[in-house]
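Visitor: Could you have a look at this structure, given as structure tokens, before my questions?
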Amino acid sequence: MSGYFKGIQEGLGTAVKGMTIVMKHLLKPKVTRQYPNPDDRFQLPERARNRLYVNMDDCIGCDQCSRACPVNCITIDTAKAVAGENIGTTSNGKKKSLWVTRFDIDIAKCCYCGLCVYPCPTECIVMTDVYEFSEYDRVNLIYNYATMDSAEAAVHAENAKKDEERAAIERAKQAEEKAKAAAANPAPAAAPVPPSAGGVKPPPFAAKPGGIKPPPFKAG
């Protein structure tokens, strides 16, 4: 019977202790961080890897960042500049030869590994310390970094296609002209090679696989 009452005493003591802690914190000021709060943000390390940023003025459309991405969250479309077009240069003086008509990053797929940053030859893609980019719709997590609209991108793509067709026609004409010139002026036949002064020498003697057999033995 003493054990029975002892169990009740321990149970009541535990409940009283727990309620004391609850009442103690109930009367204290709230400690919950309000989010978002521009005046109360987490201080991130200097080399934190969060949302990606692309400086399109330095992008040359090399597609190296897209190929390095392990989750395929980067999509790049380019159009070749036609003759006479001046796209400009990057900040380090590299001349551009491709229009970047599309540069999309699906940040919902990004694993923040940073592998896309290192192969970039112009250092135009970097990982920032921005971590507040939650959205209600996943579509809003696809960032479009290309500076041209769809209509302008279609114009550049069409110009590049026409320029490639013109180049293919020109290459075909050059090949046809080369073939006609070769047919009109055939190469002279090669003169026969005269035999050597000593005539044609017979091939060297080759022993049979079994070698030379000795003569048969004769008794005396």
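Naming scheme: A, B, ... for chains in displayed order of the structure tokens; residues 1 onward per chain; ligands 1 onward as shown.
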From a backbone DSSP assignment, name each residue in region 23-101 of chain A labelled alpha helix (DSSP H), as a list in words.
Guide: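 Checking each residue of region 23-101 of chain A, the alpha helix (DSSP H) ones are Met23, Lys24, His25, Leu26, Gln64, Cys65, Ser66, Arg67 and Ala68 of chain A.
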Visitor: Would you mind exporting the chosen residues as an mmCIF file, in the first residue's frame, restricted to N, CA, C and O atoms?
Guide:
```cif
data_model
loop_
_atom_site.group_PDB
_atom_site.id
_atom_site.type_symbol
_atom_site.label_atom_id
_atom_site.label_comp_id
_atom_site.auth_asym_id
_atom_site.auth_seq_id
_atom_site.Cartn_x
_atom_site.Cartn_y
_atom_site.Cartn_z
ATOM 1 N N MET A 23 3.927 27.944 -16.196
ATOM 2 C CA MET A 23 3.491 29.256 -15.708
ATOM 3 C C MET A 23 4.648 30.257 -15.691
ATOM 4 O O MET A 23 4.466 31.451 -15.953
ATOM 5 N N LYS A 24 5.862 29.755 -15.437
ATOM 6 C CA LYS A 24 7.022 30.625 -15.408
ATOM 7 C C LYS A 24 7.274 31.236 -16.787
ATOM 8 O O LYS A 24 7.524 32.435 -16.927
ATOM 9 N N HIS A 25 7.203 30.406 -17.837
ATOM 10 C CA HIS A 25 7.422 30.909 -19.199
ATOM 11 C C HIS A 25 6.202 31.660 -19.729
ATOM 12 O O HIS A 25 6.336 32.497 -20.612
ATOM 13 N N LEU A 26 5.008 31.353 -19.196
ATOM 14 C CA LEU A 26 3.805 32.045 -19.651
ATOM 15 C C LEU A 26 3.826 33.513 -19.272
ATOM 16 O O LEU A 26 3.296 34.358 -20.001
ATOM 17 N N GLN A 64 28.655 26.307 -69.979
ATOM 18 C CA GLN A 64 29.449 25.479 -69.083
ATOM 19 C C GLN A 64 28.789 25.319 -67.718
ATOM 20 O O GLN A 64 28.889 24.260 -67.095
ATOM 21 N N CYS A 65 28.111 26.340 -67.240
ATOM 22 C CA CYS A 65 27.432 26.231 -65.948
ATOM 23 C C CYS A 65 26.289 25.234 -66.019
ATOM 24 O O CYS A 65 26.047 24.463 -65.080
ATOM 25 N N SER A 66 25.571 25.211 -67.145
ATOM 26 C CA SER A 66 24.463 24.279 -67.302
ATOM 27 C C SER A 66 24.951 22.840 -67.339
ATOM 28 O O SER A 66 24.330 21.935 -66.768
ATOM 29 N N ARG A 67 26.082 22.604 -68.006
ATOM 30 C CA ARG A 67 26.622 21.251 -68.091
ATOM 31 C C ARG A 67 27.191 20.785 -66.760
ATOM 32 O O ARG A 67 27.213 19.582 -66.483
ATOM 33 N N ALA A 68 27.640 21.721 -65.920
ATOM 34 C CA ALA A 68 28.201 21.345 -64.625
ATOM 35 C C ALA A 68 27.128 21.092 -63.576
ATOM 36 O O ALA A 68 27.398 20.430 -62.565
#
```
Visitor: Using DSSP secondary structure from the backbone, list all strand (DSSP E or B) positions within region 43-150 of chain A, as a ChimeraX atom specification.
Guide: /A:52-54,74-80,89,95,98-106,125-127,142-144
Visitor: For region 37-50 of chain A, please output as a ChimeraX atom specification all residues within 10 Å (counting only C-alpha atoms; exclusion window: fewer than 5 positions along the same chain).
Guide: /A:107,110-114,126-133
Visitor: Which is closer to Val139 (chain A) than all the others in A:Ala108, A:Thr75, A:Asn92, A:Leu27, using only C-alpha atoms?
Guide: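 Of A:Ala108, A:Thr75, A:Asn92, A:Leu27, the one nearest Val139 (chain A), counting only C-alpha atoms, is A:Ala108.
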Visitor: How many Å separate CA of Glu135 (chain A) from CA of Leu52 (chain A)?
Guide: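 According to the coordinates, CA of Glu135 (chain A) and CA of Leu52 (chain A) are separated by 15.9 Å.
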Visitor: At most 10 Å is the cut-off: for each residue in region 109-147 of chain A with any atom that close to an atom of region 53-57 of chain A, write down the nearest atom pair and the distance in Å rounded to one decimal, counting only C-alpha atoms, chain first then increasing number, as a tab-separated table.
Guide:
```
residue	atom	partner	partner_atom	distance
A:Val117	CA	A:Val54	CA	9.9
A:Thr122	CA	A:Asn55	CA	9.7
A:Glu123	CA	A:Asn55	CA	8.6
A:Cys124	CA	A:Asn55	CA	5.0
A:Ile125	CA	A:Val54	CA	4.4
A:Val126	CA	A:Tyr53	CA	5.5
A:Met127	CA	A:Tyr53	CA	6.2
A:Thr128	CA	A:Tyr53	CA	6.8
A:Val130	CA	A:Tyr53	CA	9.7
A:Tyr143	CA	A:Tyr53	CA	9.3
A:Asn144	CA	A:Val54	CA	9.8
A:Tyr145	CA	A:Val54	CA	6.7
A:Ala146	CA	A:Met56	CA	6.8
A:Thr147	CA	A:Met56	CA	7.2
```
Visitor: CA of Arg51 (chain A) and CA of Gln34 (chain A), how far apart in Å?
Guide: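 Straight-line distance from CA of Gln34 (chain A) to CA of Arg51 (chain A) works out to 22.1 Å.
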Visitor: Write out as a list of chain:residue names the residues lying within 9 Å of Asn159 (chain A), counting only C-alpha atoms and excluding same-chain residues fewer than 4 positions away.
Guide: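 In the requested format, the answer is A:Ala79, A:Lys80, A:Ala81, A:Val82, A:Ala154, A:Val155, A:Asp163, A:Glu164.
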Visitor: I need the chosen residues saved as a JSON list (two decimals), in the first residue's frame, with N, CA and C atoms.
Guide:
```json
[["chain", "number", "residue", "atom", "x", "y", "z"],
["A", 79, "ALA", "N", 21.68, 32.18, -79.73],
["A", 79, "ALA", "CA", 21.57, 32.39, -81.18],
["A", 79, "ALA", "C", 22.86, 33.03, -81.65],
["A", 80, "LYS", "N", 23.44, 32.47, -82.71],
["A", 80, "LYS", "CA", 24.70, 32.98, -83.22],
["A", 80, "LYS", "C", 24.51, 34.34, -83.87],
["A", 81, "ALA", "N", 25.45, 35.23, -83.59],
["A", 81, "ALA", "CA", 25.39, 36.56, -84.19],
["A", 81, "ALA", "C", 25.74, 36.48, -85.67],
["A", 82, "VAL", "N", 24.99, 37.19, -86.50],
["A", 82, "VAL", "CA", 25.24, 37.20, -87.94],
["A", 82, "VAL", "C", 26.37, 38.18, -88.25],
["A", 154, "ALA", "N", 13.12, 35.60, -80.62],
["A", 154, "ALA", "CA", 12.69, 34.93, -81.85],
["A", 154, "ALA", "C", 13.34, 35.57, -83.07],
["A", 155, "VAL", "N", 13.50, 36.89, -83.05],
["A", 155, "VAL", "CA", 14.15, 37.58, -84.18],
["A", 155, "VAL", "C", 15.60, 37.15, -84.32],
["A", 163, "ASP", "N", 21.14, 32.93, -91.55],
["A", 163, "ASP", "CA", 22.56, 33.06, -91.81],
["A", 163, "ASP", "C", 23.22, 31.70, -92.00],
["A", 164, "GLU", "N", 22.79, 30.71, -91.22],
["A", 164, "GLU", "CA", 23.33, 29.36, -91.36],
["A", 164, "GLU", "C", 22.90, 28.74, -92.69]]
```
Visitor: Mind giving me the straight-line distance from CA of Gly88 (chain A) to CA of Asn72 (chain A) in Å, one decimal?
Guide: 28.6 Å
Visitor: Pick out the closest residue to Glu158 (chain A) from this set: A:Asn185, A:Thr78, A:Gln174, A:Ser97. Count only C-alpha atoms.
Guide: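 With only C-alpha atoms as the atom set, the closest residue is A:Thr78.
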Visitor: Counting only C-alpha atoms, which residue out of A:Glu10, A:Asp58, A:Lys17, A:Arg138 sits closest to Gly93 (chain A)?
Guide: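 Among the listed residues, the smallest separation from Gly93 (chain A) belongs to A:Asp58.
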